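Trainee: The file below is protein08.txt, compact mmCIF, C-alpha atoms:
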# COMPACT_ATOMS: atom_id res chain seq x y z
CA MET A 1 -2.33 -8.69 -0.69
CA ASN A 2 -1.98 -7.79 -4.37
CA LEU A 3 1.74 -8.56 -4.38
CA VAL A 4 3.89 -11.09 -2.55
CA LEU A 5 6.83 -8.93 -1.50
CA LEU A 6 10.04 -10.95 -1.40
CA ASP A 7 13.18 -10.31 0.62
CA PRO A 8 16.63 -11.48 -0.55
CA ALA A 9 16.71 -13.82 2.48
CA ASP A 10 13.67 -15.69 1.10
CA PHE A 11 15.73 -17.17 -1.75
CA ILE A 12 16.99 -20.71 -1.26
CA ALA A 13 18.36 -21.00 -4.80
CA GLY A 14 18.27 -19.03 -8.03
CA GLY A 15 14.61 -18.46 -8.85
CA ARG A 16 13.24 -20.34 -5.81
CA VAL A 17 11.96 -18.86 -2.56
CA VAL A 18 10.42 -20.11 0.66
CA LEU A 19 7.83 -18.02 2.54
CA GLN A 20 6.90 -18.34 6.19
CA GLY A 21 5.09 -16.27 8.82
CA ARG A 22 2.57 -13.61 7.79
CA ARG A 23 2.86 -14.12 4.03
CA HIS A 24 2.52 -17.90 4.35
CA ALA A 25 -0.53 -17.56 6.61
CA HIS A 26 -2.23 -15.08 4.28
CA LEU A 27 -1.62 -17.09 1.13
CA ARG A 28 -2.72 -20.33 2.74
CA GLN A 29 -5.69 -19.15 4.81
CA VAL A 30 -7.04 -16.16 2.86
CA VAL A 31 -5.93 -16.64 -0.76
CA LYS A 32 -6.05 -20.45 -0.35
CA VAL A 33 -3.34 -21.07 -2.94
CA ALA A 34 -2.60 -24.55 -4.26
CA PRO A 35 0.40 -26.05 -6.05
CA GLY A 36 0.67 -24.82 -9.62
CA GLU A 37 -1.11 -21.51 -9.04
CA PRO A 38 0.59 -18.29 -10.25
CA LEU A 39 1.08 -15.33 -7.93
CA ARG A 40 2.20 -11.75 -8.54
CA VAL A 41 5.56 -11.28 -6.77
CA GLY A 42 8.22 -8.60 -6.45
CA LEU A 43 11.68 -8.37 -4.91
CA LEU A 44 12.06 -5.61 -2.33
CA GLY A 45 13.92 -2.82 -4.11
CA GLY A 46 13.89 -4.77 -7.38
CA LYS A 47 11.71 -6.09 -10.16
CA LEU A 48 8.21 -7.55 -10.33
CA GLY A 49 7.24 -10.87 -11.84
CA THR A 50 5.40 -14.14 -11.36
CA GLY A 51 5.75 -16.83 -8.73
CA THR A 52 4.40 -20.34 -9.20
CA VAL A 53 3.51 -22.38 -6.12
CA LEU A 54 5.67 -25.53 -6.00
CA ALA A 55 4.68 -26.82 -2.57
CA ILE A 56 2.71 -25.74 0.47
CA ASP A 57 2.32 -27.14 3.98
CA ASP A 58 1.51 -25.95 7.49
CA GLN A 59 4.85 -24.16 7.86
CA GLN A 60 5.90 -22.73 4.53
CA ILE A 61 5.27 -22.17 0.83
CA GLU A 62 7.86 -22.76 -1.86
CA LEU A 63 7.67 -20.73 -5.07
CA ALA A 64 9.49 -20.65 -8.37
CA VAL A 65 9.83 -17.00 -9.35
CA GLU A 66 10.69 -15.03 -12.46
CA LEU A 67 11.26 -11.29 -12.05
CA VAL A 68 11.14 -9.27 -15.27
CA ASP A 69 9.07 -6.07 -14.82
CA ASP A 70 9.97 -2.66 -13.39
CA PRO A 71 7.98 -1.26 -10.45
CA PRO A 72 5.61 1.66 -11.09
CA PRO A 73 7.13 5.17 -11.19
CA PRO A 74 7.25 7.07 -7.88
CA LEU A 75 5.11 10.08 -7.09
CA PRO A 76 7.47 13.10 -7.10
CA ILE A 77 6.20 14.32 -3.74
CA THR A 78 8.09 14.69 -0.48
CA MET A 79 5.60 14.62 2.38
CA LEU A 80 6.34 16.57 5.54
CA LEU A 81 3.75 15.38 8.03
CA ALA A 82 3.08 16.67 11.54
CA LEU A 83 3.15 13.41 13.47
CA PRO A 84 -0.49 12.30 13.86
CA ARG A 85 -2.08 9.91 16.34
CA PRO A 86 -0.65 6.39 16.03
CA HIS A 87 -3.68 4.86 14.30
CA SER A 88 -3.78 7.74 11.83
CA LEU A 89 -0.05 7.45 11.19
CA ARG A 90 -0.45 3.82 10.19
CA LYS A 91 -3.21 4.70 7.73
CA VAL A 92 -1.23 7.57 6.23
CA LEU A 93 1.93 5.51 5.75
CA GLN A 94 0.08 2.62 4.13
CA GLN A 95 -2.15 4.73 1.88
CA ALA A 96 0.46 7.28 0.82
CA THR A 97 2.96 4.51 0.12
CA ALA A 98 0.38 2.78 -2.05
CA MET A 99 -0.06 6.05 -3.94
CA GLY A 100 3.66 6.32 -4.66
CA VAL A 101 5.18 8.64 -2.04
CA LYS A 102 8.82 7.72 -1.47
CA ARG A 103 9.85 10.15 1.26
CA PHE A 104 8.10 10.94 4.52
CA VAL A 105 9.38 13.44 7.08
CA LEU A 106 7.56 13.31 10.42
CA PHE A 107 7.91 16.40 12.61
CA ALA A 108 6.64 18.05 15.78
CA CYS A 109 4.60 21.22 16.17
CA ALA A 110 2.40 22.85 18.81
CA ARG A 111 -0.58 20.53 18.35
CA VAL A 112 1.42 17.30 18.20
CA GLU A 113 1.40 15.40 21.50
CA PRO A 114 4.99 14.63 22.59
CA SER A 115 3.85 11.13 23.58
CA PHE A 116 3.27 10.32 19.88
CA PHE A 117 7.05 10.16 19.44
CA THR A 118 7.28 7.27 21.92
CA ALA A 119 4.29 5.31 20.59
CA SER A 120 4.81 1.80 19.21
CA ALA A 121 3.62 2.94 15.77
CA ILE A 122 6.72 5.13 15.37
CA ARG A 123 9.17 2.31 16.03
CA PRO A 124 11.22 1.23 12.99
CA ALA A 125 9.68 -2.25 12.86
CA ALA A 126 6.12 -0.87 12.90
CA ILE A 127 6.91 1.72 10.23
CA ASP A 128 8.54 -0.94 8.06
CA GLU A 129 5.44 -3.14 8.32
CA ASP A 130 3.13 -0.30 7.28
CA LEU A 131 5.32 0.62 4.32
CA ARG A 132 5.39 -3.00 3.16
CA LEU A 133 1.61 -3.23 3.42
CA GLY A 134 1.38 -0.17 1.20
CA LEU A 135 3.75 -1.70 -1.34
CA GLU A 136 1.80 -4.96 -1.36
CA GLN A 137 -1.43 -3.07 -1.98
CA ALA A 138 -0.05 -1.11 -4.94
CA ARG A 139 2.22 -3.78 -6.47
CA ASP A 140 5.34 -1.75 -5.84
CA THR A 141 8.74 -2.83 -4.53
CA VAL A 142 10.59 0.40 -3.68
CA LEU A 143 10.51 1.07 0.06
CA PRO A 144 9.99 4.73 1.01
CA GLN A 145 12.38 6.63 3.25
CA VAL A 146 10.98 7.80 6.60
CA GLU A 147 12.66 10.42 8.79
CA VAL A 148 11.53 11.37 12.29
CA HIS A 149 12.35 14.77 13.79
CA ALA A 150 11.14 15.40 17.34
CA GLN A 151 12.74 18.83 17.90
CA ARG A 152 10.64 21.97 18.24
CA PHE A 153 8.93 23.20 15.08
CA HIS A 154 10.91 26.39 14.46
CA ARG A 155 14.19 24.66 15.19
CA PHE A 156 13.24 21.88 12.81
CA LEU A 157 12.57 24.36 10.02
CA GLY A 158 15.73 26.31 10.75
CA GLU A 159 17.99 23.26 10.78
CA ARG A 160 16.44 20.99 8.16
CA TRP A 161 14.23 22.92 5.75
CA SER A 162 16.86 23.71 3.13
CA GLU A 163 17.76 20.05 2.66
CA LEU A 164 14.18 18.75 2.76
CA ALA A 165 12.28 21.11 0.49
CA SER A 166 12.42 20.82 -3.28
CA GLY A 167 10.25 22.07 -6.13
CA GLN A 168 6.91 23.68 -5.42
CA VAL A 169 6.12 23.97 -1.70
CA LEU A 170 2.47 23.52 -0.72
CA ILE A 171 1.26 23.81 2.88
CA ALA A 172 -2.09 22.13 3.49
CA HIS A 173 -3.89 24.27 6.04
CA PRO A 174 -7.64 25.03 6.18
CA GLU A 175 -7.69 28.80 6.53
CA PRO A 176 -9.64 31.64 4.86
CA GLY A 177 -7.57 32.95 1.99
CA ALA A 178 -5.79 29.68 1.28
CA SER A 179 -5.60 28.76 -2.41
CA PRO A 180 -7.40 25.68 -3.72
CA CYS A 181 -5.02 22.75 -3.91
CA PRO A 182 -3.75 22.55 -7.51
CA ARG A 183 -4.26 19.52 -9.73
CA ALA A 184 -1.79 17.34 -11.60
CA VAL A 185 1.26 19.39 -10.67
CA ALA A 186 4.28 18.79 -12.90
CA GLY A 187 7.68 18.38 -11.31
CA PRO A 188 8.65 17.81 -7.68
CA VAL A 189 6.42 18.97 -4.84
CA THR A 190 7.07 19.37 -1.13
CA LEU A 191 3.73 18.83 0.61
CA VAL A 192 3.45 19.95 4.24
CA VAL A 193 0.49 18.50 6.14
CA GLY A 194 -0.35 19.79 9.59
CA PRO A 195 -1.85 18.10 12.65
CA GLU A 196 -5.47 17.59 13.64
CA GLY A 197 -6.66 21.11 14.42
CA GLY A 198 -4.14 22.70 12.08
CA PHE A 199 -1.03 24.78 12.69
CA VAL A 200 -1.10 27.56 15.30
CA PRO A 201 -0.85 31.16 14.02
CA ALA A 202 2.89 31.58 14.63
CA GLU A 203 3.56 28.38 12.67
CA VAL A 204 1.31 29.54 9.83
CA ASP A 205 3.18 32.83 9.64
CA ARG A 206 6.49 31.01 9.35
CA LEU A 207 5.19 28.59 6.74
CA ARG A 208 3.82 31.44 4.61
CA GLU A 209 7.43 32.50 4.12
CA LEU A 210 8.32 29.08 2.74
CA GLY A 211 5.48 28.15 0.41
CA THR A 212 1.84 28.48 -0.61
CA LEU A 213 -1.07 27.71 1.72
CA VAL A 214 -3.64 25.44 0.08
CA ASP A 215 -6.82 23.72 1.17
CA LEU A 216 -9.46 21.28 -0.06
CA GLY A 217 -12.54 23.41 0.52
CA PRO A 218 -14.74 24.18 3.52
CA ARG A 219 -14.90 20.68 5.00
CA ILE A 220 -12.40 19.77 7.71
CA LEU A 221 -11.01 16.29 7.07
CA ARG A 222 -9.12 13.82 9.20
CA VAL A 223 -5.41 13.71 8.43
CA GLU A 224 -5.56 10.31 6.76
CA THR A 225 -8.45 11.44 4.53
CA ALA A 226 -6.83 14.77 3.69
CA VAL A 227 -3.56 13.09 2.69
CA VAL A 228 -5.28 10.80 0.19
CA ALA A 229 -7.33 13.69 -1.24
CA LEU A 230 -4.24 15.89 -1.61
CA LEU A 231 -2.16 13.20 -3.28
CA ALA A 232 -5.00 12.34 -5.66
CA ARG A 233 -5.22 15.98 -6.77
CA LEU A 234 -1.49 16.54 -7.08
CA GLY A 235 -0.57 13.25 -8.76
Would you encode the structure as structure tokens?
Mentor:
Amino acid sequence: MNLVLLDPADFIAGGRVVLQGRRHAHLRQVVKVAPGEPLRVGLLGGKLGTGTVLAIDDQQIELAVELVDDPPPPLPITMLLALPRPHSLRKVLQQATAMGVKRFVLFACARVEPSFFTASAIRPAAIDEDLRLGLEQARDTVLPQVEVHAQRFHRFLGERWSELASGQVLIAHPEPGASPCPRAVAGPVTLVVGPEGGFVPAEVDRLRELGTLVDLGPRILRVETAVVALLARLG
């Protein structure tokens, strides 16, 4: 935990907060904070700053906080992600959030199991936890937006594409003839990442009409690894 992420409900007075639950347990048992120690803190959706431990016991920690710094700039990338397996989804959300992505769009396609859309990892509370873990890792406070679209792939593109896509459109798909993923792209990017096993041919044909197919070379990577590699090249 590189940042103690604060909610407005944590404040008991101007500049004073009380933490319980997961954050209290981590600070007490892992960080082993003591009264007087400074901590890096940030208000969800707001500024960063410093918190000083005033008191700590078995139930809660009280901090005095001063919030003065802006969060880091976002990565200008909208990620359209074929919904992966639940454990991979958690990794992608945490890691891509830490890297600055502020909009995720999760969609279905031929190689996405329908059961993934009913998994516990897709529930709002689970998604919120993963996003917060990503923010804590990167010392950021701005929560990403996550949209879930379970309709069939071609319907999804037909109904939603025009309002989702902006800037340069890159489709990550390991296929002969795909262009190498560009580096340090200026301006907004819409990055489409397929499922394990890639898009089926009919989906590839449709996507070719919407953007540029790119890849990361001859090695086939897991979704969570490919996402980090793509963001590192584009950012």
Trainee: Skip range 114-124 of chain A itself and residues of its chain fewer than 2 positions away, then list as a ChimeraX atom specification all residues within 8 Å of it, counting all atoms listed in the file.
Mentor: /A:83-87,89-90,108,112,126-128,150
Trainee: Just checking: using only C-alpha atoms, which residue out of A:Ile77, A:Arg22, A:Ala110, A:Gly167 ends up closest to Gly198 in chain A?
Mentor: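 The answer is A:Ala110, which sits nearest to Gly198 in chain A.
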Trainee: With a distance cut-off of 8 Å and all atoms listed in the file, select the neighbouring residues of Gly100 in chain A, excluding the residue or stretch itself and same-chain residues fewer than 5 positions from it, and output the selection as JSON, numbers by chain.
Mentor: {"A": [73, 74, 75]}
Trainee: Mind checking which residues fall within 12 Å of Leu234 in chain A, counting only C-alpha atoms, ignoring those fewer than 5 positions away in the same chain, and posting them as a PyMOL selection string?
Mentor: chain A and resi 75-79+99-101+168-170+172+180-191+214+216+227-229
Trainee: Just the residues within 9 Å of range 30-33 of chain A, please, counting all atoms listed in the file, with nothing from its chain fewer than 5 positions along; format it as a ChimeraX atom specification.
Mentor: /A:1,25,38-39,53,56
Trainee: Can you work out which one of A:Thr97, A:Thr212, A:Thr52, A:Gln29 has the shortest atom-to-atom distance to Pro144 in chain A, counting only C-alpha atoms?
Mentor: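 So, comparing all the options, the nearest one is A:Thr97.
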Trainee: Nearest residue to Ala178 in chain A out of A:Val105, A:Ala13, A:Val204, A:Leu93, using only C-alpha atoms?
Mentor: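 Distance minimum relative to Ala178 in chain A lands on A:Val204.
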Trainee: Could you check how far CA of Phe153 in chain A sits from CA of Leu80 in chain A, in Å to one decimal?
Mentor: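 If I compute the distance from CA of Phe153 in chain A to CA of Leu80 in chain A, I get 11.9 Å.
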Trainee: In terms of the shortest atom-to-atom distance over all atoms listed in the file, which of A:Glu37, A:Val92, A:Leu230, A:Gly177 is closest to Leu133 in chain A?
Mentor: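 Among the listed residues, the smallest separation from Leu133 in chain A belongs to A:Val92.
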Trainee: Would you compute an axis-aligned box for range 9-13 of chain A, covering every atom listed for it in the file with 8 Å of margin on each side, and report centre and edge lengths in Å to one decimal as AutoDock Vina command-line options?
Mentor:
--center_x 16.0 --center_y -17.4 --center_z -1.2 --size_x 20.7 --size_y 23.2 --size_z 23.3
Trainee: For each of A:Leu27, A:Leu231, A:Ala226, A:Leu207, take the minimum atom-to-atom distance to Ala96 in chain A, counting all atoms listed in the file, then give the residue where this is smallest.
Mentor: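 Closest residue, counting all atoms listed in the file: A:Leu231.
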Trainee: For Leu67 in chain A, which residue among A:Pro218, A:Pro195, A:Gly14, A:Gly36 is the nearest when counting only C-alpha atoms?
Mentor: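 Answer, going by the shortest atom-to-atom distance: A:Gly14.
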